[in-house]
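Colleague: To be precise about what I am sending: the file is called target00.pdb and holds PDB, C-alpha atoms.
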```pdb
ATOM      1  CA  MET A 319     -17.722 109.853  69.587
ATOM      2  CA  LYS A 320     -19.547 113.123  68.939
ATOM      3  CA  THR A 321     -23.319 113.003  68.626
ATOM      4  CA  ILE A 322     -25.102 114.987  65.926
ATOM      5  CA  LEU A 323     -28.878 115.475  65.891
ATOM      6  CA  THR A 324     -30.299 115.954  62.379
ATOM      7  CA  VAL A 325     -33.774 117.466  62.086
ATOM      8  CA  ASP A 326     -35.411 117.334  58.663
ATOM      9  CA  ASP A 327     -38.860 116.289  57.453
ATOM     10  CA  SER A 328     -37.366 114.614  54.388
ATOM     11  CA  PRO A 329     -36.397 110.976  55.051
ATOM     12  CA  SER A 330     -34.013 110.952  52.063
ATOM     13  CA  ILE A 331     -32.138 114.021  53.350
ATOM     14  CA  ARG A 332     -31.890 112.417  56.798
ATOM     15  CA  GLN A 333     -30.577 109.214  55.231
ATOM     16  CA  MET A 334     -27.969 111.115  53.227
ATOM     17  CA  LEU A 335     -26.847 113.029  56.298
ATOM     18  CA  ALA A 336     -26.682 109.822  58.326
ATOM     19  CA  TYR A 337     -24.542 108.226  55.643
ATOM     20  CA  VAL A 338     -22.110 111.128  55.392
ATOM     21  CA  LEU A 339     -21.852 111.715  59.136
ATOM     22  CA  SER A 340     -21.721 108.152  60.417
ATOM     23  CA  SER A 341     -19.126 107.123  57.835
ATOM     24  CA  ASN A 342     -16.983 109.914  59.238
ATOM     25  CA  GLY A 343     -17.203 108.767  62.815
ATOM     26  CA  TYR A 344     -20.162 110.720  64.153
ATOM     27  CA  HIS A 345     -23.060 109.214  66.063
ATOM     28  CA  VAL A 346     -26.284 110.383  64.409
ATOM     29  CA  ILE A 347     -29.762 110.854  65.877
ATOM     30  CA  GLU A 348     -32.602 111.704  63.480
ATOM     31  CA  ALA A 349     -35.807 113.692  63.948
ATOM     32  CA  GLY A 350     -38.538 114.325  61.369
ATOM     33  CA  ASP A 351     -39.684 117.756  62.592
ATOM     34  CA  GLY A 352     -38.911 120.448  65.146
ATOM     35  CA  GLU A 353     -41.104 118.959  67.855
ATOM     36  CA  GLU A 354     -39.456 115.563  67.604
ATOM     37  CA  GLY A 355     -36.079 117.278  67.429
ATOM     38  CA  LEU A 356     -36.743 119.097  70.679
ATOM     39  CA  LEU A 357     -37.891 115.883  72.336
ATOM     40  CA  LEU A 358     -34.815 113.932  71.207
ATOM     41  CA  ALA A 359     -32.514 116.782  72.181
ATOM     42  CA  LYS A 360     -33.876 116.565  75.720
ATOM     43  CA  GLU A 361     -33.427 112.769  75.794
ATOM     44  CA  HIS A 362     -29.931 112.666  74.266
ATOM     45  CA  GLN A 363     -27.335 115.365  74.720
ATOM     46  CA  ALA A 364     -26.168 116.259  71.207
ATOM     47  CA  ASP A 365     -22.818 117.904  70.487
ATOM     48  CA  LEU A 366     -24.196 119.626  67.409
ATOM     49  CA  ILE A 367     -27.583 120.049  65.747
ATOM     50  CA  LEU A 368     -28.288 120.329  62.023
ATOM     51  CA  THR A 369     -31.810 121.539  61.343
ATOM     52  CA  ASP A 370     -33.972 122.297  58.338
ATOM     53  CA  GLN A 371     -36.142 125.438  58.399
ATOM     54  CA  ASN A 372     -39.433 124.554  56.695
ATOM     55  CA  MET A 373     -40.921 121.637  58.595
ATOM     56  CA  PRO A 374     -44.364 120.699  59.903
ATOM     57  CA  LYS A 375     -45.321 121.212  63.561
ATOM     58  CA  MET A 376     -42.259 123.306  64.477
ATOM     59  CA  ASP A 377     -39.893 125.023  62.060
ATOM     60  CA  GLY A 378     -36.141 125.318  62.438
ATOM     61  CA  ILE A 379     -36.052 128.814  63.885
ATOM     62  CA  ALA A 380     -38.703 127.937  66.477
ATOM     63  CA  LEU A 381     -36.666 124.851  67.369
ATOM     64  CA  ILE A 382     -33.520 126.929  67.856
ATOM     65  CA  LYS A 383     -35.383 129.364  70.121
ATOM     66  CA  ALA A 384     -36.705 126.454  72.191
ATOM     67  CA  LEU A 385     -33.274 124.815  72.409
ATOM     68  CA  ARG A 386     -31.536 128.031  73.422
ATOM     69  CA  GLY A 387     -33.966 128.188  76.328
ATOM     70  CA  LEU A 388     -32.563 124.926  77.667
ATOM     71  CA  PRO A 389     -29.398 125.224  79.779
ATOM     72  CA  ALA A 390     -27.951 122.089  78.138
ATOM     73  CA  TYR A 391     -28.160 123.682  74.678
ATOM     74  CA  ARG A 392     -27.256 127.276  75.409
ATOM     75  CA  HIS A 393     -23.810 126.856  73.853
ATOM     76  CA  VAL A 394     -24.233 123.805  71.603
ATOM     77  CA  PRO A 395     -23.631 124.654  67.921
ATOM     78  CA  ILE A 396     -26.829 124.661  65.859
ATOM     79  CA  MET A 397     -26.507 124.909  62.078
ATOM     80  CA  MET A 398     -29.414 125.639  59.769
ATOM     81  CA  LEU A 399     -29.389 123.390  56.699
ATOM     82  CA  THR A 400     -32.109 124.689  54.422
ATOM     83  CA  THR A 401     -33.036 125.712  50.883
ATOM     84  CA  GLU A 402     -33.871 129.140  52.259
ATOM     85  CA  SER A 403     -31.269 131.817  51.669
ATOM     86  CA  SER A 404     -33.086 135.120  52.133
ATOM     87  CA  PRO A 405     -31.150 137.662  54.235
ATOM     88  CA  ALA A 406     -34.276 138.379  56.295
ATOM     89  CA  LEU A 407     -34.689 134.749  57.304
ATOM     90  CA  LYS A 408     -30.973 134.410  58.006
ATOM     91  CA  GLN A 409     -31.265 137.396  60.310
ATOM     92  CA  GLN A 410     -34.130 135.681  62.118
ATOM     93  CA  GLY A 411     -31.955 132.582  62.460
ATOM     94  CA  ARG A 412     -29.073 134.623  63.807
ATOM     95  CA  GLU A 413     -31.348 136.329  66.343
ATOM     96  CA  ALA A 414     -32.784 132.952  67.392
ATOM     97  CA  GLY A 415     -29.282 131.738  68.183
ATOM     98  CA  ALA A 416     -28.188 129.776  65.115
ATOM     99  CA  THR A 417     -24.445 129.211  64.860
ATOM    100  CA  GLY A 418     -24.454 129.285  61.079
ATOM    101  CA  TRP A 419     -26.414 128.794  57.895
ATOM    102  CA  MET A 420     -25.839 126.274  55.138
ATOM    103  CA  VAL A 421     -27.938 126.310  51.976
ATOM    104  CA  LYS A 422     -29.174 123.077  50.401
ATOM    105  CA  PRO A 423     -28.250 121.193  48.397
ATOM    106  CA  PHE A 424     -25.291 120.618  50.661
ATOM    107  CA  ASP A 425     -21.920 119.439  49.443
ATOM    108  CA  PRO A 426     -20.910 116.526  51.722
ATOM    109  CA  GLU A 427     -17.265 117.619  51.765
ATOM    110  CA  LYS A 428     -18.132 121.182  52.727
ATOM    111  CA  LEU A 429     -20.423 119.885  55.426
ATOM    112  CA  LEU A 430     -17.646 117.738  56.888
ATOM    113  CA  GLU A 431     -15.165 120.623  56.723
ATOM    114  CA  MET A 432     -17.639 122.785  58.584
ATOM    115  CA  LEU A 433     -18.105 120.113  61.246
ATOM    116  CA  LYS A 434     -14.372 119.833  61.761
ATOM    117  CA  LYS A 435     -14.222 123.557  62.440
ATOM    118  CA  ILE A 436     -17.056 123.423  64.954
ATOM    119  CA  LEU A 437     -16.372 120.004  66.494
ATOM    120  CA  PRO A 438     -12.613 119.566  66.662
TER     121      PRO A 438
ATOM    122  CA  MET B 697     -88.938 143.078  37.351
ATOM    123  CA  ASN B 698     -87.024 142.180  34.216
ATOM    124  CA  THR B 699     -85.808 138.764  33.073
ATOM    125  CA  ALA B 700     -82.580 139.191  35.029
ATOM    126  CA  GLN B 701     -84.505 138.960  38.274
ATOM    127  CA  HIS B 702     -86.585 136.207  39.772
ATOM    128  CA  GLU B 703     -89.274 135.831  42.338
ATOM    129  CA  SER B 704     -87.025 136.372  45.372
ATOM    130  CA  GLY B 705     -86.344 139.906  44.240
ATOM    131  CA  SER B 706     -82.582 139.368  43.854
ATOM    132  CA  PRO B 707     -80.995 139.542  40.436
ATOM    133  CA  SER B 708     -80.520 136.217  38.683
ATOM    134  CA  MET B 709     -78.324 135.079  35.802
ATOM    135  CA  PRO B 710     -79.660 136.904  32.729
ATOM    136  CA  ALA B 711     -80.151 133.953  30.424
ATOM    137  CA  THR B 712     -80.186 130.201  30.640
ATOM    138  CA  ALA B 713     -77.757 129.864  27.741
ATOM    139  CA  SER B 714     -75.201 132.091  29.480
ATOM    140  CA  ARG B 715     -75.589 130.192  32.728
ATOM    141  CA  VAL B 716     -75.122 126.845  31.015
ATOM    142  CA  ALA B 717     -72.021 128.136  29.235
ATOM    143  CA  VAL B 718     -70.506 129.403  32.496
ATOM    144  CA  GLN B 719     -71.435 126.165  34.248
ATOM    145  CA  GLU B 720     -69.793 124.160  31.484
ATOM    146  CA  LEU B 721     -66.651 126.291  31.778
ATOM    147  CA  VAL B 722     -66.547 125.765  35.536
ATOM    148  CA  GLU B 723     -66.955 122.013  35.122
ATOM    149  CA  ARG B 724     -64.182 121.911  32.539
ATOM    150  CA  LEU B 725     -61.933 123.940  34.836
ATOM    151  CA  ALA B 726     -62.674 121.522  37.659
ATOM    152  CA  ALA B 727     -61.869 118.541  35.466
ATOM    153  CA  GLN B 728     -58.565 120.067  34.327
ATOM    154  CA  VAL B 729     -57.536 121.022  37.858
ATOM    155  CA  ASP B 730     -58.409 117.534  39.072
ATOM    156  CA  SER B 731     -56.329 115.963  36.288
ATOM    157  CA  ALA B 732     -53.373 118.248  37.007
ATOM    158  CA  GLN B 733     -53.583 117.380  40.696
ATOM    159  CA  ARG B 734     -53.553 113.653  39.926
ATOM    160  CA  GLU B 735     -50.687 113.991  37.445
ATOM    161  CA  ILE B 736     -48.594 115.819  40.023
ATOM    162  CA  GLY B 737     -49.385 113.053  42.492
ATOM    163  CA  GLU B 738     -48.217 110.445  39.975
ATOM    164  CA  THR B 739     -45.031 112.451  39.287
ATOM    165  CA  ARG B 740     -44.279 112.597  43.000
ATOM    166  CA  ALA B 741     -44.834 108.858  43.297
ATOM    167  CA  ILE B 742     -42.442 108.161  40.410
ATOM    168  CA  LEU B 743     -39.752 110.428  41.894
ATOM    169  CA  LYS B 744     -40.226 108.867  45.326
ATOM    170  CA  ASP B 745     -39.897 105.398  43.844
ATOM    171  CA  ALA B 746     -36.713 106.403  42.028
ATOM    172  CA  VAL B 747     -35.155 107.741  45.215
ATOM    173  CA  GLU B 748     -36.210 104.709  47.225
ATOM    174  CA  ARG B 749     -34.393 102.561  44.677
ATOM    175  CA  LEU B 750     -31.296 104.752  44.870
ATOM    176  CA  MET B 751     -31.018 105.000  48.632
ATOM    177  CA  PRO B 752     -30.165 101.313  49.194
ATOM    178  CA  ALA B 753     -27.134 101.861  46.967
ATOM    179  CA  PHE B 754     -25.841 104.366  49.512
ATOM    180  CA  THR B 755     -26.604 101.985  52.338
ATOM    181  CA  ALA B 756     -24.769  99.195  50.541
ATOM    182  CA  LEU B 757     -21.795 101.461  49.921
ATOM    183  CA  ARG B 758     -21.763 102.352  53.601
ATOM    184  CA  SER B 759     -21.912  98.670  54.605
ATOM    185  CA  SER B 760     -19.093  97.688  52.268
ATOM    186  CA  GLU B 761     -16.931 100.357  53.852
ATOM    187  CA  THR B 762     -17.574  99.215  57.394
ATOM    188  CA  THR B 763     -17.590  95.406  56.983
ATOM    189  CA  SER B 764     -14.467  94.854  54.919
ATOM    190  CA  ALA B 765     -12.559  91.725  56.045
ATOM    191  CA  VAL B 766      -9.220  93.358  55.313
ATOM    192  CA  PRO B 767      -7.990  95.480  58.222
ATOM    193  CA  ARG B 768      -6.868  98.903  57.198
ATOM    194  CA  VAL B 769      -4.852 101.510  58.989
ATOM    195  CA  ALA B 770      -6.936 104.451  60.127
ATOM    196  CA  ALA B 771      -5.353 106.925  57.722
ATOM    197  CA  THR B 772      -6.049 104.693  54.728
ATOM    198  CA  GLU B 773      -9.609 104.161  55.887
ATOM    199  CA  LEU B 774     -10.163 107.886  56.266
ATOM    200  CA  ALA B 775      -8.752 108.573  52.819
ATOM    201  CA  ARG B 776     -10.986 105.907  51.342
ATOM    202  CA  THR B 777     -14.065 107.396  53.020
ATOM    203  CA  LYS B 778     -13.106 110.836  51.777
ATOM    204  CA  ARG B 779     -12.800 109.535  48.228
ATOM    205  CA  ALA B 780     -16.188 107.831  48.493
ATOM    206  CA  ILE B 781     -17.842 110.999  49.793
ATOM    207  CA  ARG B 782     -16.209 113.073  47.065
ATOM    208  CA  ALA B 783     -17.244 110.609  44.361
ATOM    209  CA  SER B 784     -20.838 110.515  45.546
ATOM    210  CA  GLY B 785     -21.123 114.317  45.821
ATOM    211  CA  PRO B 786     -23.078 114.822  42.569
ATOM    212  CA  ALA B 787     -25.431 111.974  43.501
ATOM    213  CA  PHE B 788     -26.092 113.650  46.847
ATOM    214  CA  SER B 789     -26.893 116.902  45.066
ATOM    215  CA  ALA B 790     -29.238 115.171  42.612
ATOM    216  CA  LEU B 791     -31.086 113.419  45.422
ATOM    217  CA  GLN B 792     -31.482 116.679  47.271
ATOM    218  CA  PHE B 793     -32.989 118.277  44.187
ATOM    219  CA  GLN B 794     -35.540 115.474  44.106
ATOM    220  CA  ASP B 795     -36.451 116.365  47.665
ATOM    221  CA  ILE B 796     -36.657 120.064  46.849
ATOM    222  CA  SER B 797     -38.815 119.340  43.788
ATOM    223  CA  ASP B 798     -41.097 117.107  45.818
ATOM    224  CA  GLN B 799     -41.752 119.891  48.308
ATOM    225  CA  LEU B 800     -42.712 122.252  45.486
ATOM    226  CA  LEU B 801     -44.981 119.637  43.917
ATOM    227  CA  ALA B 802     -46.638 118.960  47.275
ATOM    228  CA  HIS B 803     -47.517 122.627  47.586
ATOM    229  CA  ALA B 804     -48.808 122.753  44.025
ATOM    230  CA  GLN B 805     -51.081 119.831  44.918
ATOM    231  CA  VAL B 806     -52.433 121.622  47.977
ATOM    232  CA  ARG B 807     -53.175 124.676  45.832
ATOM    233  CA  LEU B 808     -54.947 122.604  43.194
ATOM    234  CA  VAL B 809     -57.059 120.749  45.758
ATOM    235  CA  SER B 810     -58.133 124.104  47.240
ATOM    236  CA  LEU B 811     -58.830 125.505  43.783
ATOM    237  CA  LEU B 812     -60.902 122.455  42.934
ATOM    238  CA  ALA B 813     -62.983 122.853  46.086
ATOM    239  CA  GLU B 814     -63.723 126.501  45.298
ATOM    240  CA  VAL B 815     -64.545 125.758  41.674
ATOM    241  CA  HIS B 816     -66.912 123.037  42.890
ATOM    242  CA  ASN B 817     -68.631 125.484  45.251
ATOM    243  CA  VAL B 818     -69.118 127.975  42.442
ATOM    244  CA  ALA B 819     -70.417 125.192  40.179
ATOM    245  CA  VAL B 820     -73.009 124.271  42.818
ATOM    246  CA  ALA B 821     -74.086 127.909  43.082
ATOM    247  CA  LEU B 822     -74.507 128.004  39.310
ATOM    248  CA  THR B 823     -76.938 125.092  39.401
ATOM    249  CA  ALA B 824     -80.501 126.258  38.886
ATOM    250  CA  ASP B 825     -83.014 125.707  41.669
ATOM    251  CA  SER B 826     -86.420 124.068  41.193
ATOM    252  CA  SER B 827     -87.742 127.249  39.607
ATOM    253  CA  GLY B 828     -84.990 127.094  36.987
ATOM    254  CA  GLN B 829     -83.257 130.184  38.369
ATOM    255  CA  VAL B 830     -79.787 130.813  39.743
ATOM    256  CA  LYS B 831     -79.658 133.251  42.637
ATOM    257  CA  PHE B 832     -77.088 135.865  41.788
ATOM    258  CA  ALA B 833     -76.606 136.818  45.456
ATOM    259  CA  ASP B 834     -75.788 133.195  46.346
ATOM    260  CA  LEU B 835     -73.381 132.952  43.474
ATOM    261  CA  MET B 836     -71.629 136.163  44.458
ATOM    262  CA  GLN B 837     -71.362 134.924  48.056
ATOM    263  CA  LYS B 838     -69.619 131.783  46.804
ATOM    264  CA  VAL B 839     -67.289 133.887  44.663
ATOM    265  CA  THR B 840     -66.464 136.103  47.651
ATOM    266  CA  ASN B 841     -65.810 133.043  49.822
ATOM    267  CA  ALA B 842     -63.586 131.548  47.115
ATOM    268  CA  ASN B 843     -61.598 134.784  46.865
ATOM    269  CA  ASN B 844     -61.108 134.895  50.628
ATOM    270  CA  ASN B 845     -60.169 131.242  50.917
ATOM    271  CA  LEU B 846     -57.642 131.391  48.085
ATOM    272  CA  ALA B 847     -56.085 134.546  49.528
ATOM    273  CA  ALA B 848     -55.807 132.823  52.922
ATOM    274  CA  LEU B 849     -54.181 129.818  51.274
ATOM    275  CA  ASP B 850     -51.154 131.882  50.281
ATOM    276  CA  ILE B 851     -50.739 132.987  53.873
ATOM    277  CA  SER B 852     -51.211 129.528  55.396
ATOM    278  CA  LEU B 853     -48.838 127.641  53.105
ATOM    279  CA  VAL B 854     -45.327 127.616  54.464
ATOM    280  CA  LYS B 855     -42.926 128.414  51.673
ATOM    281  CA  PRO B 856     -41.407 125.024  50.889
ATOM    282  CA  VAL B 857     -38.332 126.020  48.946
ATOM    283  CA  GLY B 858     -36.341 129.189  48.660
ATOM    284  CA  LYS B 859     -33.948 127.999  46.008
ATOM    285  CA  ALA B 860     -33.850 129.355  42.475
ATOM    286  CA  HIS B 861     -30.729 127.762  40.996
ATOM    287  CA  LEU B 862     -29.135 124.347  40.859
ATOM    288  CA  GLY B 863     -25.713 124.983  42.383
ATOM    289  CA  THR B 864     -24.724 123.632  45.775
ATOM    290  CA  GLY B 865     -25.435 126.041  48.557
ATOM    291  CA  ASP B 866     -23.273 128.552  50.375
ATOM    292  CA  MET B 867     -22.331 128.406  54.013
ATOM    293  CA  GLU B 868     -21.751 131.115  56.565
ATOM    294  CA  PHE B 869     -21.107 131.345  60.271
ATOM    295  CA  PHE B 870     -22.779 133.979  62.414
TER     296      PHE B 870
END
```
Turn this file's structure into structure tokens for me.
Modeller:
Amino acid sequence: MKTILTVDDSPSIRQMLAYVLSSNGYHVIEAGDGEEGLLLAKEHQADLILTDQNMPKMDGIALIKALRGLPAYRHVPIMMLTTESSPALKQQGREAGATGWMVKPFDPEKLLEMLKKILP
Amino acid sequence: MNTAQHESGSPSMPATASRVAVQELVERLAAQVDSAQREIGETRAILKDAVERLMPAFTALRSSETTSAVPRVAATELARTKRAIRASGPAFSALQFQDISDQLLAHAQVRLVSLLAEVHNVAVALTADSSGQVKFADLMQKVTNANNNLAALDISLVKPVGKAHLGTGDMEFF
């Protein structure tokens, strides 16, 4: 079973993601901000990470930079899942090492299709 | 020294009537900002309550899918899950908009609380001292501080939401 780490400061978004992902056979770990996400990523090897951008303590791009510095996460797919869609911020995400960018509100079907492409 | 100055040598508010009028305006502004802040707080609480009532429905749906007594073949189960996800798509979108709205409201509250604090500081500076005078220099210092603090607020607040329309979002791979 593939493990997905979701990082979002909104409990309702995390619950929705957990529902969609776990009912499709993924094991889900949840973090409420970038710092907690980094901590959990070190404790549990995730196969993919879905992270929000605007969060307290550590934002999504900072989290990606920190994760890409860890050998265990150098090649793990990390998708941004955020309301932000500005080209400048996307460029920052790309430079930080994000695999892709998905704008909220997410469509559960599109999210699952995307996961199938990344996690066959 | 004219009537616009007092014993300290710094200019003062020119007339008591003007000062009282400005003070009254500041107090009314403070009251309105405070009310708006509380109303936003109540709106957030109502939205949060609504979502908390909705989320168990998703949990229940999830449980009913995983605890069915009737064994199903994997393909049928997958198709059923797909249908459930598809059917609940609009509900997912609506719940996400609640979350997005809540983030915007939270920032509006932070702005109003800061505004209220600055208005209060200016109101204090408008209060006459024991000699019945308001020191203009003190007042202007408070105004300068308020300007600086409110300018800094824009910089310190992380933009909560970058979404301007209600459609579901796009996706791209880098």
Colleague: Give the answer as one residue: which of B:Thr777, B:Thr772, B:Asn817, B:Thr712 has the shortest atom-to-atom distance to chain A, using only C-alpha atoms?
Modeller: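 That would be B:Thr777, the residue with the smallest distance to chain A.
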Colleague: Under the PyMOL selection byres ((chain A) within 10 of (chain B)), which residues of this model are included? Write them out as an MDAnalysis selection string.
Modeller: chainID A and resid 328:331 333:338 340:343 371:374 377 397:404 408:409 411:413 415:430 432
Colleague: Please measure the separation of atom CA of Ala819 of chain B and atom CA of Gly737 of chain B, giving the value in Å to one decimal.
Modeller: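 Going from atom CA of Ala819 of chain B over to atom CA of Gly737 of chain B, I get 24.4 Å.
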Colleague: Report the residues retrieved by the PyMOL selection byres ((chain A and resi 345) around 7) from the displayed file, expressed as a list of chain:residue names.
Modeller: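 After applying the PyMOL selection byres ((chain A and resi 345) around 7), what remains is A:Met319, A:Lys320, A:Thr321, A:Ile322, A:Ser340, A:Gly343, A:Tyr344, A:Val346, A:Ile347.
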Colleague: With only C-alpha atoms as the basis for distance, which of A:Leu385, A:Gln410, A:Met376, A:Arg392 is at the shortest distance from Glu354 of chain A?
Modeller: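 Ranked by minimum distance to Glu354 of chain A, first place goes to A:Met376.
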Colleague: Padding of 6 Å on every side, edges along x, y and z, all listed atoms of segment 801-811 of chain B included: what centre and edge lengths in Å, to one decimal, does that box have, as JSON?
Modeller:
```
{"center_x": -51.9, "center_y": 122.2, "center_z": 45.6, "size_x": 25.8, "size_y": 18.5, "size_z": 16.8}
```
Colleague: Got a sec to resolve the PyMOL selection byres ((chain B and resi 722-727) around 8) on this structure and send the residues as a PyMOL selection string?
Modeller: chain B and resi 718-721+728-731+812+815-816+818-819
Colleague: What is the atom CA of Gly352 of chain A to atom CA of Lys383 of chain A distance in Å?
Modeller: 10.8 Å
Colleague: Could you please determine the separation between atom CA of Asp351 of chain A and atom CA of Ile396 of chain A in Å, to one decimal place?
Modeller: 15.0 Å
